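Here's the structure, in structure tokens; my notes come after.
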Amino acid sequence: MMDDFFQYEPYSLNKTEKRGLLSPRIRELTAAHYKNCEEYRDILDAMGFRMEEGTEYDEIPFLPVSLFKKVPLKSIPDEDVFKVMTSSGTTGQAVSRIFLDRETSFLQQKVLAKIFSSFTGASRMPLLIIDCPSVIKDRTMFSARGAGILGFSIFGTKRIFALNDDMTLNMHAVREFAEKYQGQSVLLFGFTFIIWQHFYRELRKLPAGTLDLSNGILIHGGGWKKLASENISTEMFKKALLDTCGINSVHDYYGMAEQTGCIYMECEHGHLHASIFSDIITRRTEDFSKCDVGEKGILQVVSSIPQSYPGHSLLTEDEGVILGEDDCPCGRKGKYFKVFGRLKNAEIRGCSDTYAVRF
């Protein structure tokens with residue numbers, strides 16, 4: 001059924017149209033995982049859930065995202081495992097293990113490309129990665145952070161790392177990148193805290209105008225907990241980068257290793273958006289009933305991608321609020337929302353939050 005999704009632009013369907021596309025796909029995935037994953041089948045049986053022809057995607061049971069840290073959930077035989085993704089985790093923490101076959105891995109890349117290109121255009125651009133090269137070489141570090149870098153690298157014609165392996169700023173490489181592609185559109189990617197700590201804070205020591213990246217589009221994500229503790233807002237983050245190097249196109253995104261590919265990109269109005277490939281639901285803490293628009297709750301994420309593991313409907317450890325649907329000033333259809341951060345006592349596991357704890 002995934003071929004049907006690629007006939008449309010990621011933010012082109014209204015609520016009714018999207019539901020007509022997404023519900024059959026989630027029912028299809030639920031049936032497949034029920035058949036092929038014994039642990040998932042036991043959970044649904046214990047709940048007494050029986051899926052019917054008209055069951056909507058928001059009526060299908062969700063799994064708590066933390067379950068992937070405790071149980072190896074997969075719907076494929078061992079010989080079909082192509083790669084294993086791990087979530088970020090501080091030393092001593094359990095990490096999620098996500099089992100991918102080749103088709104699911106391919107779908108992740110295809111959906112990511114479709115979503116990303118709707119914001120930046122189809123053309124690939126020179127890419128400045130605000131991280132160090134070893135993050136994709138050292139297998140002990142290769143988790144959501146390394147996967148994120150590799151995932152976004154496909155959109156770059158050239159790939160330059162802004163940091164040395166000791167996390168110091170490679171100013172020579174950054175300056176050379178800016179000068180070489182002056183006047184051209186360029187792409188920058190990194191994790192929020194790393195950008196702030198090792199890129200912005202080093203650049204602000206230099207005289208104003210030292211580095212011009214005004215032609216850059218910055219994509220960042222991976223958690224705000226560390227910056228929030230320093231009372232740094234998204235507005236302050238964007239202004240700081242504008243003042244130091246001229247970047248005025250900055251897009252945050254929300255995503256997780258447990259549903260790689262289905263990212264929620266931030267539009268020009270500061271709203272995170274659900275594409276046709278996924279959806280966001282907010283649940284009340286006391287009974288997990290659905291929240292109203294504008295009501296804070298626990299975020300549930302629904303994805304059309306996971307075929308090799310039962311990760312198509314997950315309850316996260318994050319709080320957020322749905323701001324509206326089909327009426328964002330940016331013109332994109334679908335739900336748009338805001339994330340407030342982790343639930344109280346939830347583990348710190350965002351990519352850049354984890355880095356902040358470890359280093």
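The way I read the labels, and the way they are meant: chains A, B, ... in the order of the structure tokens, residue 1 as the first residue of every chain, and ligand 1 as the first ligand shown, with later ones counted on from there.
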
For A:His271, find every residue with an atom within 9 Å (counting only C-alpha atoms), except residues of its own chain fewer than 3 positions away, and show them as a PDB file with all heavy atoms, in the first residue's frame.
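Saved file around-v4.pdb follows:
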ATOM      1  N   MET A 265       8.819  18.006  10.539  1.00  0.00           N
ATOM      2  CA  MET A 265       9.622  19.194  10.254  1.00  0.00           C
ATOM      3  C   MET A 265       8.926  20.467  10.738  1.00  0.00           C
ATOM      4  O   MET A 265       7.697  20.569  10.749  1.00  0.00           O
ATOM      5  CB  MET A 265       9.875  19.304   8.757  1.00  0.00           C
ATOM      6  CG  MET A 265      10.852  18.283   8.219  1.00  0.00           C
ATOM      7  SD  MET A 265      12.576  18.695   8.573  1.00  0.00           S
ATOM      8  CE  MET A 265      12.817  20.087   7.466  1.00  0.00           C
ATOM      9  N   GLU A 266       9.752  21.434  11.100  1.00  0.00           N
ATOM     10  CA  GLU A 266       9.256  22.739  11.548  1.00  0.00           C
ATOM     11  C   GLU A 266       9.104  23.667  10.343  1.00  0.00           C
ATOM     12  O   GLU A 266      10.007  23.803   9.525  1.00  0.00           O
ATOM     13  CB  GLU A 266      10.245  23.344  12.544  1.00  0.00           C
ATOM     14  CG  GLU A 266       9.829  24.708  13.074  1.00  0.00           C
ATOM     15  CD  GLU A 266      10.927  25.378  13.883  1.00  0.00           C
ATOM     16  OE1 GLU A 266      12.113  25.256  13.495  1.00  0.00           O
ATOM     17  OE2 GLU A 266      10.612  26.008  14.896  1.00  0.00           O
ATOM     18  N   CYS A 267       7.956  24.318  10.252  1.00  0.00           N
ATOM     19  CA  CYS A 267       7.706  25.242   9.142  1.00  0.00           C
ATOM     20  C   CYS A 267       8.202  26.645   9.481  1.00  0.00           C
ATOM     21  O   CYS A 267       8.745  26.895  10.559  1.00  0.00           O
ATOM     22  CB  CYS A 267       6.217  25.275   8.797  1.00  0.00           C
ATOM     23  SG  CYS A 267       5.179  26.164  10.008  1.00  0.00           S
ATOM     24  N   GLU A 268       7.964  27.579   8.560  1.00  0.00           N
ATOM     25  CA  GLU A 268       8.427  28.952   8.723  1.00  0.00           C
ATOM     26  C   GLU A 268       7.765  29.669   9.901  1.00  0.00           C
ATOM     27  O   GLU A 268       8.274  30.681  10.384  1.00  0.00           O
ATOM     28  CB  GLU A 268       8.146  29.751   7.447  1.00  0.00           C
ATOM     29  CG  GLU A 268       8.653  29.089   6.170  1.00  0.00           C
ATOM     30  CD  GLU A 268       7.655  28.139   5.547  1.00  0.00           C
ATOM     31  OE1 GLU A 268       7.464  27.031   6.094  1.00  0.00           O
ATOM     32  OE2 GLU A 268       7.052  28.474   4.510  1.00  0.00           O
ATOM     33  N   LEU A 323      -1.766  22.086  17.882  1.00  0.00           N
ATOM     34  CA  LEU A 323      -2.176  23.480  17.745  1.00  0.00           C
ATOM     35  C   LEU A 323      -3.308  23.660  16.748  1.00  0.00           C
ATOM     36  O   LEU A 323      -4.069  24.628  16.835  1.00  0.00           O
ATOM     37  CB  LEU A 323      -0.979  24.334  17.328  1.00  0.00           C
ATOM     38  CG  LEU A 323       0.229  24.291  18.267  1.00  0.00           C
ATOM     39  CD1 LEU A 323       1.429  24.992  17.643  1.00  0.00           C
ATOM     40  CD2 LEU A 323      -0.122  24.932  19.603  1.00  0.00           C
ATOM     41  N   CYS A 328      -2.593  25.715   9.164  1.00  0.00           N
ATOM     42  CA  CYS A 328      -1.379  26.444   9.515  1.00  0.00           C
ATOM     43  C   CYS A 328      -1.164  27.576   8.513  1.00  0.00           C
ATOM     44  O   CYS A 328      -1.413  27.405   7.310  1.00  0.00           O
ATOM     45  CB  CYS A 328      -0.169  25.509   9.504  1.00  0.00           C
ATOM     46  SG  CYS A 328       1.396  26.326   9.944  1.00  0.00           S
ATOM     47  N   TYR A 336      -0.476  20.265  13.065  1.00  0.00           N
ATOM     48  CA  TYR A 336       0.753  20.937  13.463  1.00  0.00           C
ATOM     49  C   TYR A 336       0.740  21.084  14.974  1.00  0.00           C
ATOM     50  O   TYR A 336      -0.313  21.253  15.591  1.00  0.00           O
ATOM     51  CB  TYR A 336       0.942  22.271  12.741  1.00  0.00           C
ATOM     52  CG  TYR A 336      -0.179  23.269  12.867  1.00  0.00           C
ATOM     53  CD1 TYR A 336      -0.105  24.342  13.752  1.00  0.00           C
ATOM     54  CD2 TYR A 336      -1.312  23.172  12.060  1.00  0.00           C
ATOM     55  CE1 TYR A 336      -1.117  25.277  13.851  1.00  0.00           C
ATOM     56  CE2 TYR A 336      -2.337  24.101  12.142  1.00  0.00           C
ATOM     57  CZ  TYR A 336      -2.230  25.156  13.039  1.00  0.00           C
ATOM     58  OH  TYR A 336      -3.249  26.078  13.129  1.00  0.00           O
ATOM     59  N   PHE A 337       1.935  21.020  15.581  1.00  0.00           N
ATOM     60  CA  PHE A 337       1.984  20.850  17.026  1.00  0.00           C
ATOM     61  C   PHE A 337       3.259  21.425  17.606  1.00  0.00           C
ATOM     62  O   PHE A 337       4.165  21.865  16.892  1.00  0.00           O
ATOM     63  CB  PHE A 337       1.851  19.363  17.387  1.00  0.00           C
ATOM     64  CG  PHE A 337       2.978  18.486  16.892  1.00  0.00           C
ATOM     65  CD1 PHE A 337       3.973  18.044  17.751  1.00  0.00           C
ATOM     66  CD2 PHE A 337       3.032  18.080  15.563  1.00  0.00           C
ATOM     67  CE1 PHE A 337       5.005  17.233  17.317  1.00  0.00           C
ATOM     68  CE2 PHE A 337       4.072  17.259  15.110  1.00  0.00           C
ATOM     69  CZ  PHE A 337       5.049  16.835  15.980  1.00  0.00           C
ATOM     70  N   LYS A 338       3.329  21.372  18.930  1.00  0.00           N
ATOM     71  CA  LYS A 338       4.487  21.841  19.676  1.00  0.00           C
ATOM     72  C   LYS A 338       4.859  20.789  20.707  1.00  0.00           C
ATOM     73  O   LYS A 338       3.992  20.155  21.309  1.00  0.00           O
ATOM     74  CB  LYS A 338       4.171  23.170  20.387  1.00  0.00           C
ATOM     75  CG  LYS A 338       5.314  23.730  21.224  1.00  0.00           C
ATOM     76  CD  LYS A 338       4.925  25.059  21.852  1.00  0.00           C
ATOM     77  CE  LYS A 338       6.064  25.640  22.675  1.00  0.00           C
ATOM     78  NZ  LYS A 338       5.690  26.943  23.292  1.00  0.00           N
TER      79      LYS A 338
END

Q | Shell around A:Phe152 at 9 Å using only C-alpha atoms, local window under 3 positions removed, as a PyMOL selection string | A | chain A and resi 112-113+116+147-149+155-156+189

**Q.** stretch 75-191 of chain A: residues DSSP assigns to alpha helix (DSSP H), reported as JSON, numbers by chain
**A.** {"A": [102, 103, 104, 105, 106, 107, 108, 109, 110, 111, 112, 113, 114, 115, 116, 117, 118, 119, 120, 144, 145, 146, 147, 148, 149, 150, 151, 152, 153, 171, 172, 173, 174, 175, 176, 177, 178, 179, 180]}

Q. Contacts of A:Val111 at 8 Å or less, counting only C-alpha atoms, minus same-chain residues fewer than 6 places along, as an MDAnalysis selection string?
A. chainID A and resid 261:262 277

If you keep N, CA and C atoms, can you produce a file of those selected residues as a compact mmCIF listing (two decimals), in the first residue's frame?
# COMPACT_ATOMS: atom_id res chain seq x y z
N GLY A 261 12.73 7.95 9.74
CA GLY A 261 12.15 8.25 8.44
C GLY A 261 10.98 9.19 8.53
N CYS A 262 10.09 8.95 9.47
CA CYS A 262 8.91 9.80 9.66
C CYS A 262 9.25 10.96 10.59
N PHE A 277 2.57 10.59 5.78
CA PHE A 277 3.17 9.30 6.13
C PHE A 277 3.04 8.98 7.62

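Proximity to A:Asp327 was assessed for A:Ser117, A:Ser12, A:Thr30, A:Gln7 counting only C-alpha atoms; the smallest distance is recorded for A:Ser12.
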
Q: Using only C-alpha atoms, determine which residues lie at most 12 Å from A:Leu163, disregarding the query and same-chain residues fewer than 4 positions distant; provide the list as a VMD selection string.
A: chain A and resid 128 to 135 167 to 174 190 194 to 195 197 to 200 202

Listing only residues of stretch 210-327 of chain A within 10 Å of stretch 64-72 of chain A, what is the closest atom pair and its distance in Å (to one decimal) for each, using only C-alpha atoms, sorted by chain and residue number ascending, as a Markdown table?
| residue | atom | partner | partner_atom | distance |
| --- | --- | --- | --- | --- |
| A:Met256 | CA | A:Val65 | CA | 9.8 |
| A:Glu258 | CA | A:Val65 | CA | 7.4 |
| A:Gln259 | CA | A:Val65 | CA | 9.9 |
| A:Gln300 | CA | A:Pro64 | CA | 9.0 |
| A:Val301 | CA | A:Val65 | CA | 9.7 |
| A:Tyr309 | CA | A:Pro72 | CA | 9.3 |
| A:Pro310 | CA | A:Phe68 | CA | 9.7 |
| A:Gly311 | CA | A:Val65 | CA | 8.3 |
| A:Ser313 | CA | A:Pro64 | CA | 8.8 |
| A:Leu314 | CA | A:Pro64 | CA | 5.6 |
| A:Leu315 | CA | A:Pro64 | CA | 4.7 |
| A:Thr316 | CA | A:Val65 | CA | 5.4 |
| A:Glu317 | CA | A:Val65 | CA | 7.4 |

How would the residues just picked look written out with N, CA and C atoms as a short mmCIF file (atom, residue, chain, number, x, y, z; two decimals), in the first residue's frame?
data_model
loop_
_atom_site.label_atom_id
_atom_site.label_comp_id
_atom_site.auth_asym_id
_atom_site.auth_seq_id
_atom_site.Cartn_x
_atom_site.Cartn_y
_atom_site.Cartn_z
N MET A 256 12.48 10.13 16.11
CA MET A 256 13.07 9.18 17.05
C MET A 256 13.53 7.94 16.31
N GLU A 258 12.98 4.94 16.97
CA GLU A 258 11.94 3.93 16.90
C GLU A 258 11.00 4.13 15.71
N GLN A 259 11.04 5.31 15.10
CA GLN A 259 10.26 5.55 13.88
C GLN A 259 11.08 6.37 12.89
N GLN A 300 1.55 10.58 21.08
CA GLN A 300 1.53 9.28 20.41
C GLN A 300 1.90 9.51 18.96
N VAL A 301 2.79 8.69 18.43
CA VAL A 301 3.21 8.84 17.04
C VAL A 301 2.81 7.61 16.23
N TYR A 309 9.14 -4.48 12.21
CA TYR A 309 8.96 -4.49 13.66
C TYR A 309 7.68 -3.73 13.99
N PRO A 310 7.02 -4.02 15.11
CA PRO A 310 5.73 -3.40 15.42
C PRO A 310 5.88 -2.01 16.05
N GLY A 311 6.40 -1.08 15.25
CA GLY A 311 6.62 0.28 15.76
C GLY A 311 5.73 1.30 15.08
N SER A 313 2.69 2.31 15.88
CA SER A 313 1.89 3.15 16.79
C SER A 313 2.51 3.10 18.17
N LEU A 314 3.14 4.22 18.57
CA LEU A 314 3.92 4.25 19.80
C LEU A 314 3.52 5.41 20.70
N LEU A 315 3.51 5.18 21.99
CA LEU A 315 3.32 6.25 22.96
C LEU A 315 4.70 6.69 23.42
N THR A 316 5.02 7.95 23.20
CA THR A 316 6.34 8.45 23.53
C THR A 316 6.43 8.83 25.01
N GLU A 317 7.57 9.39 25.38
CA GLU A 317 7.77 9.90 26.73
C GLU A 317 7.76 11.43 26.74
#
